[in-house]
Amino acid sequence: MSETSLSGKVALVTGASRGIGAATAKALAARGAHVILTARTAGALEEVEEAIHQAGGTATIAPMDLTEKDSIARLAAAVAERWPALDILVLNAAMLGSLAAVPAIDSKEFAQVLTLNVSAQAALLTSFDPLLRKAEGGARVIGLTSSVGRNPRAYWAAYGASKAAFETLLLAYGEEVRHITGIRVAIVDPGATRTKMRERAFPGEDPQSLKPPEAVAERILALAVNGFEVGHFERVD
């Protein structure tokens with residue numbers, strides 16, 4: 001894979017302050033893409049940006065809460081002012097919420113999970129669709145999911161339901177644009193990975209027994225570089 005295989009491309013990675021998002025941003029930048037980093041924590045984003053710059057890449061940070069009203073539309077407008085198109089969109093940001101039996105799900109927290117994991121993702125597709133359509137050679141949209149979205153697990157109903165809805169949303173978008181644009185949509189299930197979310201869900205697990213976020217980032221990078229068919233799904237074991 002060429003070191004400049006994504007030269008001239010612009011990528012946006014959500015949840016880019018740590019874990020899979022940060023690793024993906026670094027991987028894309030290392031191949032020549034200019035990466036726009038979004039997450040809530042400015043300090044952590046600055047660390048990722050600095051690491052990218054030190055490695056010879058380029059990046060721009062955009063600290064923001066994706067659930068805040070009009071925040072995504074403002075980001076899209078700012079990106080459109082600076083770049084003519086968006087070539088790669090990695091939808092990684094998500095909220096786990098509390099693991100609980102269905103009758104014990106907290107309605108307020110469930111609403112927050114759905115807002116970030118579904119509604120904000122719809123807003124990202126809506127706001128960036130015009131820029132994705134302008135990508136020369138076809139844009140790549142890659143969403144991160146979880147196995148519980150397809151295979152229900154006890155106590156994971158809230159998160160699983162949000163991921164099932166997210167997959168349906170993203171795949172429907174892919175079908176809508178497949179014959180009229182060059183946009184291609186894929187879904188990646190990272191599997192068991194050494195992340196903060198995994199640590200919260202499985203506090204007794206040895207993190208060193210899990211693959212690092214960089215392993216997932218390499219698969220996302222390969223998809224961004226090599227392309228894929230609409231609706232592509234893969235699990236990183």
# chains A, B, ... in the order shown; residues from 1 in each chain; ligands from 1
call {"tool": "closest_atom_pairs", "arguments": {"of": "stretch 56-163 of chain A", "to": "stretch 1-20 of chain A", "cutoff": "6 Å", "atoms": "only C-alpha atoms", "output": "tab-separated table"}}
result
residue	atom	partner	partner_atom	distance
A:Leu86	CA	A:Val10	CA	5.4
A:Asp87	CA	A:Val10	CA	5.4
A:Ile88	CA	A:Ala11	CA	4.4
A:Leu89	CA	A:Leu12	CA	5.0
A:Val90	CA	A:Val13	CA	4.8
A:Leu91	CA	A:Thr14	CA	5.6
A:Asn92	CA	A:Thr14	CA	5.3
A:Ala93	CA	A:Gly15	CA	4.1
call {"tool": "residues_around", "arguments": {"residues": "stretch 95-100 of chain A", "least_positions_apart": "4", "cutoff": "7 Å", "atoms": "only C-alpha atoms", "output": "list in words"}}
result
Ala104, Ile105, Glu109, Val113, Leu116, Asn117, Tyr155, Trp156, Tyr159 and Met197 of chain A
call {"tool": "select_by_dssp", "arguments": {"residues": "stretch 8-229 of chain A", "states": "helix (DSSP H, G or I)", "output": "NGL selection string"}}
result
:A and (19-30 or 42-54 or 71-82 or 102-104 or 107-133 or 147-149 or 157-177 or 196-201 or 207-209 or 213-226)
call {"tool": "residues_around", "arguments": {"residues": "stretch 47-58 of chain A", "least_positions_apart": "2", "cutoff": "6 Å", "atoms": "only C-alpha atoms", "output": "PyMOL selection string"}}
result
chain A and resi 26+29-30+34+44-45
call {"tool": "select_by_dssp", "arguments": {"residues": "chain A", "states": "strand (DSSP E or B)", "output": "number ranges by chain"}}
result
A: 10-14, 34-39, 58-63, 88-91, 140-144, 184-189, 193, 211, 232-235
call {"tool": "residues_around", "arguments": {"residues": "A:Gly174", "least_positions_apart": "4", "cutoff": "7 Å", "atoms": "only C-alpha atoms", "output": "mmCIF file with N, CA and C atoms, in the first residue's frame"}}
result
data_model
loop_
_atom_site.group_PDB
_atom_site.id
_atom_site.type_symbol
_atom_site.label_atom_id
_atom_site.label_comp_id
_atom_site.auth_asym_id
_atom_site.auth_seq_id
_atom_site.Cartn_x
_atom_site.Cartn_y
_atom_site.Cartn_z
ATOM 1 N N LEU A 170 -27.609 3.319 7.773
ATOM 2 C CA LEU A 170 -26.454 3.471 6.894
ATOM 3 C C LEU A 170 -26.607 2.654 5.618
ATOM 4 N N ARG A 178 -26.453 4.418 -4.450
ATOM 5 C CA ARG A 178 -25.561 3.522 -5.184
ATOM 6 C C ARG A 178 -25.620 3.689 -6.695
ATOM 7 N N ARG A 184 -19.923 4.870 -1.693
ATOM 8 C CA ARG A 184 -20.012 3.479 -1.299
ATOM 9 C C ARG A 184 -20.011 3.394 0.222
ATOM 10 N N VAL A 185 -20.874 2.531 0.753
ATOM 11 C CA VAL A 185 -21.069 2.409 2.192
ATOM 12 C C VAL A 185 -20.648 1.023 2.673
ATOM 13 N N VAL A 230 -21.129 -1.704 -2.402
ATOM 14 C CA VAL A 230 -22.126 -1.108 -1.509
ATOM 15 C C VAL A 230 -22.665 -2.164 -0.547
ATOM 16 N N GLY A 231 -22.744 -1.804 0.727
ATOM 17 C CA GLY A 231 -23.283 -2.712 1.721
ATOM 18 C C GLY A 231 -22.270 -3.721 2.246
#
call {"tool": "atom_distance", "arguments": {"atom1": "atom CA of A:Ala22", "atom2": "atom CA of A:Lys211"}}
result
15.1 Å
call {"tool": "residues_around", "arguments": {"residues": "A:Gln208", "least_positions_apart": "4", "cutoff": "12 Å", "atoms": "only C-alpha atoms", "output": "number ranges by chain"}}
result
A: 192-195, 199, 204, 212-213
call {"tool": "atom_distance", "arguments": {"atom1": "atom CA of A:Ala157", "atom2": "atom CA of A:Phe202"}}
result
15.9 Å
call {"tool": "residues_around", "arguments": {"residues": "A:Leu221", "least_positions_apart": "3", "cutoff": "9 Å", "atoms": "only C-alpha atoms", "output": "ChimeraX atom specification"}}
result
/A:24,27-28,31,216-218,224-226
call {"tool": "residues_around", "arguments": {"residues": "A:Ala123", "least_positions_apart": "6", "cutoff": "9 Å", "atoms": "only C-alpha atoms", "output": "PyMOL selection string"}}
result
chain A and resi 66+72-73
call {"tool": "atom_distance", "arguments": {"atom1": "atom CA of A:Ala94", "atom2": "atom CA of A:Gly32"}}
result
26.3 Å
call {"tool": "closest_residue", "arguments": {"among": "A:Thr115, A:Ser146, A:Thr60, A:Thr168", "to": "A:Ala78", "atoms": "only C-alpha atoms"}}
result
A:Thr60
call {"tool": "closest_residue", "arguments": {"among": "A:Trp83, A:Ile36, A:Leu171, A:Asp70", "to": "A:Lys134", "atoms": "only C-alpha atoms"}}
result
A:Trp83
